[in-house]
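The block underneath contains the structure these notes are about, expressed in structure tokens.
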Amino acid sequence: MDGLNRRDALKAGGVLGALGALGLATTARAEPWSWSPEESVAGSGSGVDPLTVWDPEADGVVARLIESGQVPRVNELLRTWTRNGQPLPDGLPSELRDFMEYARRMPQWTDYGKLNTAIEFNKKRGLYLGVLYGFASGMMSTVIPKEARSVYYSKGGHDLEDRISKTAKLGYDIGSNNAYAADGEMIITCVKTRLVHAAVRHLLPQSPHWVQSAEEDVPISQNDIMVTWHSLPTTVMKHLNNWKVPIPHHESEAFLHSWQVAAHMLGVRDEYIPKSWPAANSQAAQVLDPILEATPEGAKLADRLLSLGANIDLAIITKPVLGSFTRFLLGDKIADGLAIPREPVWDPLLRFSWGPFIAVREGVLGAVPPVGDAYWLLDEFLRKAALTYLAELRLPISIEIPTMNRDM
Ligand code: HEM
């Protein structure tokens, strides 16, 4: 049964009526795809709308693994595959091994000089990056409706804590000293994630809950991956620029490059990967900005993210403060959609004092420090919020291919 028929059958079967109340707002891109492949790292391409492209190379291989019951054994073998330079473990099905050997190759256009500069940038700006990955990208992912729904109804949706630490791992791996080097882990994380995404494409269309709430028939198109991608580097760089953090051109280019490579390693075609920041911003304006919207599933994920601080004893990191920071970063419309309450002290504090705080912190000539205790409070917040995010990485994390959806 193909995806469409299966979907129709599930819907017609009436299994799903009760979930209709979740609402089916149209959150797919409304405009036709007009972003030119000339703006991409490939420099040319078919121009096909990435909403209609998934990952055929991985999808078939993983679907067959699931159907033939081989996933538990594969997961066990892959648990030992942790370093980029490590050979694949013996005993993998040959079709999977061939795919992974192909998928682990770095793109021809990799610029290792830029990757080294990116390491410098990540070191220098680790504090800001931690906070922004965690609370700008992380919270934004909850208002990307297709991502929120697929995460919520997939297996990982039942243990959000675990799910958040795994996504945090990717932000950590890309920022680590040896991200793409032989002793690093970024290539492994990307290739495993590519397999997980392929599994999700096979599994979610079998979930009555997902079928009922989703607009698409198969999740995680190339368009969707780029939407999420923009919630990461494009959004992080936008905030750093808004905060007027001085970033030399070559560092900003290098940071972009490390994420261009990540997109390629996650299976995105080169013709969809922006070649420059202006190209990235123009693509984000088309694919990300118009679709941001709170959904019931996203609101639950957001609530869980905001409660992270409760896990560790860092007095300043409370749910209302993290909520206020989210409002500051993502704006009132999104914060209200996620039912984040207004915070009488922190909302104005962030609005009026964050800019001066960063300026003083960055040693901008003539910057006037925020009044009273504000500098100290914001500095404390910045350090502890980054720690909260990193604390999610305490446990050894193993990315595993799922074999089922969330048990609702
Ligand atoms: C799994 C990262 C795009 C939905 C994962 C994992 C990582 C990851 C690291 C493995 C962790 C885990 O197993 O939970 C990324 C990155 C993306 C991206 C860096 C883009 C740059 C997307 C998109 C969607 C999506 C666009 C949906 C529209 C999922 C789902 C899982 C997953 C449902 C599996 C959760 C589970 O059941 O365990 N992703 N992802 N991802 N991702 Fe993504």
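Chain identifiers are assigned as A, B, and so on, following the order in which chains appear in the structure tokens; residues are numbered from 1 within each chain, and ligands are numbered from 1 in order of appearance.
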**Q.** Nearby residues (only C-alpha atoms) at most 9 Å from A:Met140, same-chain spacing under 5 positions excluded, as an MDAnalysis selection string
**A.** chainID A and resid 135 228 231:232 292 302 326 330 334
Using only C-alpha atoms, please write the residues we just selected to a file, as a compact mmCIF listing (two decimals), in the first residue's frame.
# COMPACT_ATOMS: atom_id res chain seq x y z
CA PHE A 135 17.22 28.57 23.86
CA THR A 228 15.58 23.16 10.94
CA SER A 231 16.85 27.42 13.20
CA LEU A 232 20.46 26.57 14.03
CA LEU A 292 6.77 29.42 12.54
CA ALA A 302 8.52 23.83 24.79
CA THR A 326 12.59 32.87 25.00
CA LEU A 330 11.71 34.80 19.62
CA ILE A 334 5.71 32.96 19.46
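When the distance limit is 12 Å and only C-alpha atoms are what count, the residues near A:Glu67, minus those fewer than 3 positions from it on the same chain, are Gly60, Val61, Val62, Ala63, Arg64, Gln70, Val71, Pro72, Ala199, His202, Leu203, Thr403 and Met404 of chain A.
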Q) In terms of the shortest atom-to-atom distance over only C-alpha atoms, which of A:Ala335, A:Ser221, A:Gly85, A:His264 is closest to A:Ala179? A) A:Gly85
Q.
Please list as a ChimeraX atom specification every residue within 10 Å of A:Ala182, counting only C-alpha atoms and excluding residues in the same chain fewer than 5 positions away.
A. /A:83-86,187
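Between A:Trp354 and the residues A:Val218, A:Leu240, A:Ala339, A:Ala279, the shortest atom-to-atom distance, using only C-alpha atoms, involves A:Leu240.
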Q. Where in stretch 87-139 of chain A does DSSP assign alpha helix (DSSP H), given as a VMD selection string?
A. chain A and resid 94 to 103 112 to 124 126 to 132 138 to 139
Q. Which residue out of A:Ala367, A:Ser150, A:Ile225, A:Val268 has the minimum interatomic distance to A:Gln212 when only C-alpha atoms are used?
A.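 Looking at the shortest contact to A:Gln212, the residue is A:Ser150.
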(Q) Quick one: residues within 12 Å of A:Asp98, only C-alpha atoms, excluding same-chain residues fewer than 6 positions away - as a PyMOL selection string? (A) chain A and resi 57-58+61+88+92+104-105
Q | Distance criterion (only C-alpha atoms): nearest to A:Ile66 out of A:Val360, A:Leu51, A:Ala198, A:Val41 | A | A:Ala198
Q.
When you look at A:Trp81 with a cut-off of 10 Å (counting only C-alpha atoms), what residues show up, excluding the ones that are within fewer than 3 positions of it in the same chain? I need them as a PyMOL selection string.
A. chain A and resi 75-78+84-89+185+188-189+192+398
Output the selection as a CSV table (one decimal), in the first residue's frame - N, CA and C atoms for each residue.
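Result file follows (result10.csv):
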chain,number,residue,atom,x,y,z
A,75,ASN,N,21.8,-1.7,15.5
A,75,ASN,CA,22.0,-0.7,16.6
A,75,ASN,C,23.1,-1.2,17.6
A,76,GLU,N,23.1,-2.4,17.9
A,76,GLU,CA,24.1,-3.0,18.8
A,76,GLU,C,25.5,-2.8,18.2
A,77,LEU,N,25.6,-3.1,16.9
A,77,LEU,CA,26.9,-3.0,16.3
A,77,LEU,C,27.4,-1.6,16.2
A,78,LEU,N,26.4,-0.7,15.9
A,78,LEU,CA,26.8,0.7,15.7
A,78,LEU,C,27.1,1.5,17.0
A,84,ASN,N,35.1,9.4,14.1
A,84,ASN,CA,35.0,9.6,12.7
A,84,ASN,C,36.0,8.7,11.9
A,85,GLY,N,37.2,8.5,12.5
A,85,GLY,CA,38.2,7.8,11.7
A,85,GLY,C,38.1,6.3,11.8
A,86,GLN,N,37.1,5.8,12.7
A,86,GLN,CA,37.0,4.4,13.0
A,86,GLN,C,36.4,3.6,11.8
A,87,PRO,N,37.0,2.4,11.5
A,87,PRO,CA,36.3,1.7,10.4
A,87,PRO,C,34.9,1.2,10.9
A,88,LEU,N,34.0,0.9,10.0
A,88,LEU,CA,32.7,0.4,10.3
A,88,LEU,C,32.8,-0.9,11.0
A,89,PRO,N,32.0,-1.2,12.0
A,89,PRO,CA,32.1,-2.5,12.6
A,89,PRO,C,31.8,-3.7,11.6
A,185,GLU,N,33.6,13.3,16.4
A,185,GLU,CA,32.3,12.5,16.4
A,185,GLU,C,31.3,13.1,15.4
A,188,ILE,N,30.1,10.8,12.5
A,188,ILE,CA,29.3,9.7,13.0
A,188,ILE,C,27.9,10.2,13.4
A,189,THR,N,27.8,11.3,14.2
A,189,THR,CA,26.5,11.8,14.6
A,189,THR,C,25.6,12.1,13.4
A,192,LYS,N,24.6,8.7,11.6
A,192,LYS,CA,23.5,8.0,12.3
A,192,LYS,C,22.2,8.8,12.3
A,398,SER,N,23.8,7.6,22.8
A,398,SER,CA,24.0,6.8,21.6
A,398,SER,C,22.7,7.0,20.7
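Minimum distance to ligand 1 across A:Pro402, A:Pro344, A:Pro37, A:Pro50 (counting only C-alpha atoms and all ligand atoms) occurs at A:Pro402.
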